[in-house]
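Student: Next comes my_file-v4.txt, compact mmCIF, C-alpha atoms and all ligand atoms:
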```txt
# COMPACT_ATOMS: atom_id res chain seq x y z
CA MET A 1 0.00 0.00 0.00
CA THR A 2 1.39 3.43 -0.92
CA LEU A 3 2.35 5.57 2.00
CA VAL A 4 0.20 8.68 2.41
CA LEU A 5 1.74 11.93 3.63
CA THR A 6 -0.65 14.63 4.78
CA THR A 7 0.18 18.33 4.68
CA TYR A 8 -1.83 21.52 4.38
CA ASP A 9 -3.95 22.33 1.35
CA TRP A 10 -2.27 25.74 1.09
CA VAL A 11 0.05 27.99 3.09
CA PRO A 12 1.10 31.63 2.61
CA GLU A 13 4.40 32.48 0.94
CA PHE A 14 6.42 32.80 4.14
CA PRO A 15 6.67 29.14 5.27
CA ARG A 16 6.84 27.62 1.80
CA GLY A 17 9.79 25.29 1.49
CA PHE A 18 9.92 24.95 5.28
CA VAL A 19 6.63 23.23 6.16
CA ARG A 20 7.70 20.13 8.06
CA ASP A 21 6.35 17.69 5.50
CA ILE A 22 9.64 18.52 3.73
CA ARG A 23 11.46 16.27 6.21
CA VAL A 24 9.27 13.34 5.37
CA ARG A 25 9.41 13.99 1.64
CA TRP A 26 13.21 14.22 1.88
CA LEU A 27 13.53 10.92 3.70
CA LEU A 28 11.13 9.19 1.31
CA GLU A 29 13.18 10.50 -1.63
CA GLU A 30 16.41 9.27 0.01
CA LEU A 31 14.82 5.85 0.41
CA GLY A 32 13.26 5.84 -3.06
CA ARG A 33 9.92 5.09 -1.43
CA PRO A 34 6.85 6.16 -3.38
CA TYR A 35 4.21 8.20 -1.56
CA GLN A 36 1.09 10.15 -2.22
CA VAL A 37 0.11 13.45 -0.70
CA GLU A 38 -3.22 14.25 0.91
CA THR A 39 -4.21 17.55 2.45
CA VAL A 40 -6.07 19.06 5.37
CA PRO A 41 -7.31 22.65 5.35
CA LEU A 42 -4.99 25.17 6.98
CA ARG A 43 -7.84 27.36 8.06
CA GLN A 44 -10.68 25.09 9.18
CA LYS A 45 -9.26 22.41 11.45
CA SER A 46 -11.63 19.44 11.39
CA ALA A 47 -12.30 16.75 14.01
CA ASP A 48 -10.90 14.23 11.53
CA HIS A 49 -7.64 16.20 11.31
CA ILE A 50 -7.39 16.38 15.11
CA ALA A 51 -8.07 12.66 15.37
CA GLN A 52 -4.90 12.11 13.36
CA GLN A 53 -2.79 14.99 14.72
CA PRO A 54 -4.01 16.07 18.17
CA PHE A 55 -2.45 19.53 17.84
CA ALA A 56 -4.13 20.12 14.46
CA GLN A 57 -0.74 20.39 12.79
CA VAL A 58 1.05 18.70 9.90
CA PRO A 59 2.68 16.46 8.87
CA PHE A 60 1.20 13.08 9.62
CA ILE A 61 1.38 9.85 7.66
CA ARG A 62 -0.58 6.70 7.00
CA ASP A 63 1.68 3.70 6.42
CA GLY A 64 -0.55 0.68 5.95
CA ASP A 65 -2.61 0.47 9.15
CA LEU A 66 -0.36 2.84 11.03
CA THR A 67 -1.10 6.55 11.41
CA LEU A 68 1.74 8.62 12.87
CA PHE A 69 2.22 12.27 13.72
CA GLU A 70 5.31 14.18 14.97
CA SER A 71 7.92 14.56 12.26
CA GLY A 72 10.62 13.03 14.49
CA ALA A 73 8.56 9.91 15.16
CA ILE A 74 7.72 9.63 11.47
CA LEU A 75 11.40 9.84 10.50
CA LEU A 76 12.43 7.27 13.11
CA HIS A 77 9.73 4.90 11.90
CA LEU A 78 10.55 5.26 8.20
CA ALA A 79 14.34 5.10 8.65
CA GLU A 80 14.22 1.91 10.72
CA ASP A 81 16.18 -0.91 9.05
CA THR A 82 17.44 1.33 6.26
CA VAL A 83 20.87 2.74 5.43
CA LEU A 84 19.85 5.99 7.06
CA MET A 85 19.73 4.27 10.46
CA PRO A 86 22.75 1.92 10.47
CA GLY A 87 21.91 -0.88 12.91
CA ASP A 88 25.20 -0.70 14.79
CA ARG A 89 24.82 3.07 15.37
CA ARG A 90 21.08 3.11 16.10
CA PRO A 91 21.26 4.61 19.64
CA GLN A 92 23.63 7.35 18.50
CA VAL A 93 21.50 8.19 15.46
CA GLN A 94 18.44 8.41 17.71
CA GLN A 95 20.41 10.53 20.18
CA TRP A 96 21.32 13.07 17.50
CA LEU A 97 17.85 13.08 16.00
CA ILE A 98 16.40 13.86 19.43
CA ALA A 99 19.12 16.46 20.02
CA ALA A 100 18.02 18.17 16.81
CA LEU A 101 14.41 18.26 18.01
CA ASN A 102 15.02 18.95 21.65
CA SER A 103 18.31 20.81 22.02
CA ILE A 104 18.43 22.85 18.81
CA GLU A 105 14.96 23.34 17.29
CA PRO A 106 13.32 24.91 20.40
CA PHE A 107 15.92 27.71 20.43
CA ILE A 108 15.35 28.36 16.74
CA MET A 109 11.57 28.28 17.17
CA ALA A 110 11.69 30.76 20.07
CA TRP A 111 13.74 33.10 17.89
CA ILE A 112 11.36 32.66 14.93
CA VAL A 113 8.31 33.40 17.08
CA ASN A 114 9.86 36.66 18.27
CA LYS A 115 11.25 37.73 14.94
CA PHE A 116 8.62 36.68 12.42
CA PHE A 117 5.37 36.04 14.28
CA ASP A 118 5.57 38.76 16.95
CA LYS A 119 7.81 41.04 14.87
CA ASP A 120 9.65 41.77 18.10
CA GLU A 121 13.22 42.52 17.00
CA ALA A 122 14.37 43.29 20.55
CA GLY A 123 12.93 39.98 21.75
CA ALA A 124 14.62 38.11 18.90
CA ALA A 125 17.92 39.84 19.71
CA ARG A 126 17.58 38.70 23.33
CA ARG A 127 17.12 35.10 22.12
CA GLU A 128 20.15 35.17 19.88
CA PRO A 129 22.99 34.60 22.41
CA LEU A 130 21.49 31.33 23.67
CA LEU A 131 20.71 30.15 20.14
CA ARG A 132 24.19 31.16 19.08
CA GLN A 133 25.69 29.18 21.96
CA ARG A 134 23.81 26.05 20.87
CA LEU A 135 24.94 26.47 17.27
CA GLU A 136 28.56 26.98 18.34
CA GLN A 137 28.38 23.89 20.56
CA LEU A 138 26.92 21.88 17.70
CA GLN A 139 29.63 23.05 15.34
CA ALA A 140 32.34 22.19 17.89
CA SER A 141 30.89 18.73 18.34
CA LEU A 142 30.70 18.15 14.59
CA GLY A 143 34.40 18.99 14.37
CA ASP A 144 35.80 18.18 10.95
CA ARG A 145 33.39 15.32 10.26
CA ASP A 146 31.13 15.47 7.24
CA TRP A 147 28.18 14.03 9.15
CA LEU A 148 27.17 13.53 12.75
CA MET A 149 28.05 9.83 12.52
CA GLY A 150 31.27 10.48 10.62
CA ASP A 151 31.26 9.23 7.04
CA SER A 152 27.66 8.16 6.65
CA PHE A 153 24.71 10.47 6.19
CA THR A 154 21.90 9.35 8.47
CA VAL A 155 18.35 10.38 9.28
CA ALA A 156 19.80 12.47 12.15
CA ASP A 157 21.70 14.60 9.61
CA LEU A 158 18.57 14.93 7.50
CA LEU A 159 16.61 16.34 10.42
CA MET A 160 19.45 18.43 11.86
CA ALA A 161 20.17 20.02 8.48
CA ASP A 162 16.50 20.70 7.86
CA ILE A 163 16.22 22.41 11.23
CA LEU A 164 19.35 24.48 10.51
CA ARG A 165 17.98 25.74 7.20
CA ILE A 166 16.16 28.61 8.93
CA PRO A 167 19.21 30.00 10.79
CA ALA A 168 21.25 29.47 7.62
CA ARG A 169 18.69 31.39 5.54
CA ASN A 170 18.69 34.24 8.06
CA GLY A 171 22.44 34.77 8.27
CA LEU A 172 22.91 33.14 11.67
CA LEU A 173 25.46 30.67 10.27
CA ASP A 174 27.42 33.25 8.29
CA ASP A 175 30.43 33.03 10.59
CA LEU A 176 29.86 29.40 11.57
CA HIS A 177 31.52 28.11 8.44
CA ALA A 178 31.62 24.40 9.26
CA LEU A 179 27.94 24.36 10.20
CA ALA A 180 27.01 26.35 7.10
CA ALA A 181 28.98 23.89 4.97
CA TYR A 182 27.22 20.99 6.71
CA VAL A 183 23.82 22.42 5.77
CA GLU A 184 25.03 23.05 2.20
CA ARG A 185 26.33 19.49 1.92
CA ALA A 186 23.04 18.03 3.14
CA THR A 187 20.76 20.22 1.08
CA ASP A 188 22.85 19.62 -2.02
CA ARG A 189 21.71 16.01 -2.02
CA PRO A 190 19.43 15.16 -4.96
CA ALA A 191 16.80 13.79 -2.57
CA PHE A 192 16.52 17.14 -0.79
CA ARG A 193 16.27 19.04 -4.06
CA LYS A 194 13.50 16.71 -5.21
CA ALA A 195 11.65 17.03 -1.93
CA LEU A 196 11.87 20.81 -2.02
CA ALA A 197 10.69 20.91 -5.63
CA SER A 198 7.74 18.69 -4.85
CA GLN A 199 6.70 20.76 -1.82
CA MET A 200 6.95 23.97 -3.87
CA ALA A 201 4.97 22.38 -6.72
CA HIS A 202 2.30 21.46 -4.17
CA TRP A 203 1.86 25.11 -3.12
CA LYS A 204 1.92 26.28 -6.73
CA ALA A 205 -0.86 23.81 -7.59
CA ALA A 206 -2.82 25.15 -4.61
CA ASP A 207 -2.40 28.73 -5.87
CA ASP A 208 -3.49 27.66 -9.36
CA ARG A 209 -6.59 25.95 -7.94
CA MET A 210 -7.50 29.06 -5.96
CA ALA A 211 -6.95 31.31 -8.96
CA ALA A 212 -9.20 29.06 -11.06
CA GLY A 213 -11.87 29.49 -8.35
N1 LIG B 1 6.38 18.91 16.61
C1 LIG B 1 5.62 18.88 15.40
C2 LIG B 1 5.46 20.32 14.93
C3 LIG B 1 4.56 20.36 13.72
C4 LIG B 1 4.37 21.79 13.27
O1 LIG B 1 4.77 22.76 13.92
N2 LIG B 1 3.73 21.91 12.11
C5 LIG B 1 3.46 23.21 11.56
C6 LIG B 1 3.78 23.22 10.07
S1 LIG B 1 5.50 23.10 9.85
C7 LIG B 1 1.96 23.47 11.68
O2 LIG B 1 1.15 22.60 11.45
N3 LIG B 1 1.63 24.73 12.03
C8 LIG B 1 0.28 25.18 12.12
C9 LIG B 1 -0.25 25.15 13.51
O3 LIG B 1 0.51 24.93 14.47
O4 LIG B 1 -1.46 25.38 13.64
C10 LIG B 1 6.31 18.03 14.35
O5 LIG B 1 7.56 18.04 14.32
O6 LIG B 1 5.64 17.35 13.55
```
Could you quickly redo this structure as structure tokens?
Tutor:
Amino acid sequence: MTLVLTTYDWVPEFPRGFVRDIRVRWLLEELGRPYQVETVPLRQKSADHIAQQPFAQVPFIRDGDLTLFESGAILLHLAEDTVLMPGDRRPQVQQWLIAALNSIEPFIMAWIVNKFFDKDEAGAARREPLLRQRLEQLQASLGDRDWLMGDSFTVADLLMADILRIPARNGLLDDLHALAAYVERATDRPAFRKALASQMAHWKAADDRMAAG
């Protein structure tokens, strides 16, 4: 049965390319696993949506009989027993994937909320030192390795790099050269490019549908 990935029916310009279904698309492209996309409305959150994602967010997936929400849980499930989760390094891959979600992403999200949602520049500036510290610590830990596990790109790199795309885009990695290069290396992968193109095509199709009335 083809895996079904659910995202929004439409989003404004600002989050395009960054909606978290990109992580799932990217992994599915890395694995060469076919999938189809279904949508839920961004604006009217239905009981059916909430039954599948209790916080009325996206993404969520249907994989056979299994419905899963939380991008991290989805990635862990899909990467299991694949090259992106080498069996002998499983605990370390999980550790880094959770570090991405729990030790890096919250600092980025807090900064985004101040800067873009609240348009509170002073608040965002106050968040920056702590975010900066996390990014410096991550860069130090990465050292001169290509990937978190050394030579092999894993699902932890996929998620970490996706999370770092927002600071990269906003100049926060400009003087963190190794981290910037890490994001470049990851997002240069054909699977990421394909995933990004398919998410952007999804929003374009939504615009076209709206324009056609
Ligand atoms: N922790 C969740 C976060 C999901 C999330 O924030 N999704 C965003 C899109 S990227 C969303 O649905 N935002 C709309 C909302 O929160 O109402 C995950 O990683 O799946």
Student: Of the candidates A:Ala211, A:Val24, A:Leu142, A:Met1, which shows the shortest atom-to-atom distance to A:Ile74, using all atoms listed in the file?
Tutor: A:Val24
Student: Show me a table, sorted first by chain and then by increasing residue number, of the residues of chain A having an atom at most 8 Å from ligand LIG 1 (chain B), each with its shortest atom pair and the distance in Å to one decimal, counting all atoms listed in the file and written as JSON lines.
Tutor:
```
{"residue": "A:Tyr8", "atom": "CA", "partner": "B:LIG1", "partner_atom": "O2", "distance": 7.7}
{"residue": "A:Pro15", "atom": "CA", "partner": "B:LIG1", "partner_atom": "S1", "distance": 7.7}
{"residue": "A:Phe18", "atom": "CA", "partner": "B:LIG1", "partner_atom": "S1", "distance": 6.6}
{"residue": "A:Val19", "atom": "CA", "partner": "B:LIG1", "partner_atom": "S1", "distance": 3.9}
{"residue": "A:Arg20", "atom": "CA", "partner": "B:LIG1", "partner_atom": "S1", "distance": 4.1}
{"residue": "A:Asp21", "atom": "CA", "partner": "B:LIG1", "partner_atom": "S1", "distance": 7.0}
{"residue": "A:Leu42", "atom": "CA", "partner": "B:LIG1", "partner_atom": "C8", "distance": 7.4}
{"residue": "A:Phe55", "atom": "CA", "partner": "B:LIG1", "partner_atom": "O3", "distance": 7.0}
{"residue": "A:Ala56", "atom": "CA", "partner": "B:LIG1", "partner_atom": "O4", "distance": 6.0}
{"residue": "A:Gln57", "atom": "CA", "partner": "B:LIG1", "partner_atom": "O2", "distance": 3.2}
{"residue": "A:Val58", "atom": "CA", "partner": "B:LIG1", "partner_atom": "O2", "distance": 4.2}
{"residue": "A:Pro59", "atom": "CA", "partner": "B:LIG1", "partner_atom": "O6", "distance": 5.6}
{"residue": "A:Phe60", "atom": "CA", "partner": "B:LIG1", "partner_atom": "O6", "distance": 7.3}
{"residue": "A:Phe69", "atom": "CA", "partner": "B:LIG1", "partner_atom": "O6", "distance": 6.1}
{"residue": "A:Glu70", "atom": "CA", "partner": "B:LIG1", "partner_atom": "O6", "distance": 3.5}
{"residue": "A:Ser71", "atom": "CA", "partner": "B:LIG1", "partner_atom": "O6", "distance": 3.8}
{"residue": "A:Gly72", "atom": "CA", "partner": "B:LIG1", "partner_atom": "O5", "distance": 5.9}
{"residue": "A:Leu101", "atom": "CA", "partner": "B:LIG1", "partner_atom": "O5", "distance": 7.8}
```
Student: Extract, using only C-alpha atoms, all DNA, RNA and protein residues at most 7 Å from stretch 160-165 of chain A, discarding same-chain residues fewer than 2 positions from it, and format them as an mmCIF file with C-alpha atoms, keeping the file's coordinate frame.
Tutor:
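Output (part_26.cif):
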```
data_model
loop_
_atom_site.group_PDB
_atom_site.id
_atom_site.type_symbol
_atom_site.label_atom_id
_atom_site.label_comp_id
_atom_site.auth_asym_id
_atom_site.auth_seq_id
_atom_site.Cartn_x
_atom_site.Cartn_y
_atom_site.Cartn_z
ATOM 1 C CA ARG A 23 11.460 16.270 6.210
ATOM 2 C CA LEU A 97 17.850 13.080 16.000
ATOM 3 C CA ALA A 100 18.020 18.170 16.810
ATOM 4 C CA GLU A 105 14.960 23.340 17.290
ATOM 5 C CA ALA A 156 19.800 12.470 12.150
ATOM 6 C CA ASP A 157 21.700 14.600 9.610
ATOM 7 C CA LEU A 158 18.570 14.930 7.500
ATOM 8 C CA PRO A 167 19.210 30.000 10.790
ATOM 9 C CA ALA A 168 21.250 29.470 7.620
ATOM 10 C CA ARG A 169 18.690 31.390 5.540
ATOM 11 C CA VAL A 183 23.820 22.420 5.770
ATOM 12 C CA ALA A 186 23.040 18.030 3.140
#
```
Student: If you measure from atom CA of A:Phe117 to atom CA of A:Val11, what distance in Å do you get, rounded to one decimal?
Tutor: 14.8 Å
Student: Mind checking which residues fall within 10 Å of A:Thr39, counting only C-alpha atoms, ignoring those fewer than 6 positions away in the same chain, and posting them as a PyMOL selection string?
Tutor: chain A and resi 4-10+49+58-59
Student: Just write the chosen residues, C-alpha atoms, as a PDB file, keeping the file's coordinate frame.
Tutor:
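Output contents, as saved in selection_8.pdb:
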```
ATOM      1  CA  VAL A   4       0.200   8.680   2.410  1.00  0.00           C
ATOM      2  CA  LEU A   5       1.740  11.930   3.630  1.00  0.00           C
ATOM      3  CA  THR A   6      -0.650  14.630   4.780  1.00  0.00           C
ATOM      4  CA  THR A   7       0.180  18.330   4.680  1.00  0.00           C
ATOM      5  CA  TYR A   8      -1.830  21.520   4.380  1.00  0.00           C
ATOM      6  CA  ASP A   9      -3.950  22.330   1.350  1.00  0.00           C
ATOM      7  CA  TRP A  10      -2.270  25.740   1.090  1.00  0.00           C
ATOM      8  CA  HIS A  49      -7.640  16.200  11.310  1.00  0.00           C
ATOM      9  CA  VAL A  58       1.050  18.700   9.900  1.00  0.00           C
ATOM     10  CA  PRO A  59       2.680  16.460   8.870  1.00  0.00           C
TER      11      PRO A  59
END
```
Student: Take stretch 143-160 of chain A, bring it up to N, CA and C atoms, and give me the output as a PDB file, keeping the file's coordinate frame.
Tutor:
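Saved to selection-v6.pdb:
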```
ATOM      1  N   GLY A 143      32.960  19.006  14.668  1.00  0.00           N
ATOM      2  CA  GLY A 143      34.400  18.990  14.370  1.00  0.00           C
ATOM      3  C   GLY A 143      34.629  19.020  12.865  1.00  0.00           C
ATOM      4  N   ASP A 144      35.529  18.166  12.388  1.00  0.00           N
ATOM      5  CA  ASP A 144      35.800  18.180  10.950  1.00  0.00           C
ATOM      6  C   ASP A 144      35.123  17.004  10.235  1.00  0.00           C
ATOM      7  N   ARG A 145      34.119  16.429  10.911  1.00  0.00           N
ATOM      8  CA  ARG A 145      33.390  15.320  10.260  1.00  0.00           C
ATOM      9  C   ARG A 145      32.408  15.872   9.238  1.00  0.00           C
ATOM     10  N   ASP A 146      32.146  15.071   8.210  1.00  0.00           N
ATOM     11  CA  ASP A 146      31.130  15.470   7.240  1.00  0.00           C
ATOM     12  C   ASP A 146      29.737  15.379   7.851  1.00  0.00           C
ATOM     13  N   TRP A 147      29.512  14.308   8.620  1.00  0.00           N
ATOM     14  CA  TRP A 147      28.180  14.030   9.150  1.00  0.00           C
ATOM     15  C   TRP A 147      28.272  13.705  10.638  1.00  0.00           C
ATOM     16  N   LEU A 148      27.163  13.743  11.295  1.00  0.00           N
ATOM     17  CA  LEU A 148      27.170  13.530  12.750  1.00  0.00           C
ATOM     18  C   LEU A 148      27.756  12.169  13.120  1.00  0.00           C
ATOM     19  N   MET A 149      27.532  11.169  12.253  1.00  0.00           N
ATOM     20  CA  MET A 149      28.050   9.830  12.520  1.00  0.00           C
ATOM     21  C   MET A 149      29.414   9.606  11.875  1.00  0.00           C
ATOM     22  N   GLY A 150      29.986  10.644  11.287  1.00  0.00           N
ATOM     23  CA  GLY A 150      31.270  10.480  10.620  1.00  0.00           C
ATOM     24  C   GLY A 150      31.100  10.490   9.125  1.00  0.00           C
ATOM     25  N   ASP A 151      31.310   9.306   8.511  1.00  0.00           N
ATOM     26  CA  ASP A 151      31.260   9.230   7.040  1.00  0.00           C
ATOM     27  C   ASP A 151      29.862   9.074   6.477  1.00  0.00           C
ATOM     28  N   SER A 152      28.959   8.475   7.271  1.00  0.00           N
ATOM     29  CA  SER A 152      27.660   8.160   6.650  1.00  0.00           C
ATOM     30  C   SER A 152      26.558   9.138   7.053  1.00  0.00           C
ATOM     31  N   PHE A 153      25.877   9.600   6.029  1.00  0.00           N
ATOM     32  CA  PHE A 153      24.710  10.470   6.190  1.00  0.00           C
ATOM     33  C   PHE A 153      23.581   9.630   6.770  1.00  0.00           C
ATOM     34  N   THR A 154      23.000  10.104   7.860  1.00  0.00           N
ATOM     35  CA  THR A 154      21.900   9.350   8.470  1.00  0.00           C
ATOM     36  C   THR A 154      20.670  10.245   8.600  1.00  0.00           C
ATOM     37  N   VAL A 155      19.599   9.639   9.090  1.00  0.00           N
ATOM     38  CA  VAL A 155      18.350  10.380   9.280  1.00  0.00           C
ATOM     39  C   VAL A 155      18.545  11.514  10.291  1.00  0.00           C
ATOM     40  N   ALA A 156      19.535  11.383  11.188  1.00  0.00           N
ATOM     41  CA  ALA A 156      19.800  12.470  12.150  1.00  0.00           C
ATOM     42  C   ALA A 156      20.345  13.698  11.416  1.00  0.00           C
ATOM     43  N   ASP A 157      21.190  13.476  10.408  1.00  0.00           N
ATOM     44  CA  ASP A 157      21.700  14.600   9.610  1.00  0.00           C
ATOM     45  C   ASP A 157      20.567  15.256   8.828  1.00  0.00           C
ATOM     46  N   LEU A 158      19.694  14.407   8.296  1.00  0.00           N
ATOM     47  CA  LEU A 158      18.570  14.930   7.500  1.00  0.00           C
ATOM     48  C   LEU A 158      17.764  15.906   8.350  1.00  0.00           C
ATOM     49  N   LEU A 159      17.440  15.485   9.569  1.00  0.00           N
ATOM     50  CA  LEU A 159      16.610  16.340  10.420  1.00  0.00           C
ATOM     51  C   LEU A 159      17.408  17.553  10.919  1.00  0.00           C
ATOM     52  N   MET A 160      18.643  17.319  11.350  1.00  0.00           N
ATOM     53  CA  MET A 160      19.450  18.430  11.860  1.00  0.00           C
ATOM     54  C   MET A 160      19.620  19.502  10.779  1.00  0.00           C
TER      55      MET A 160
END
```
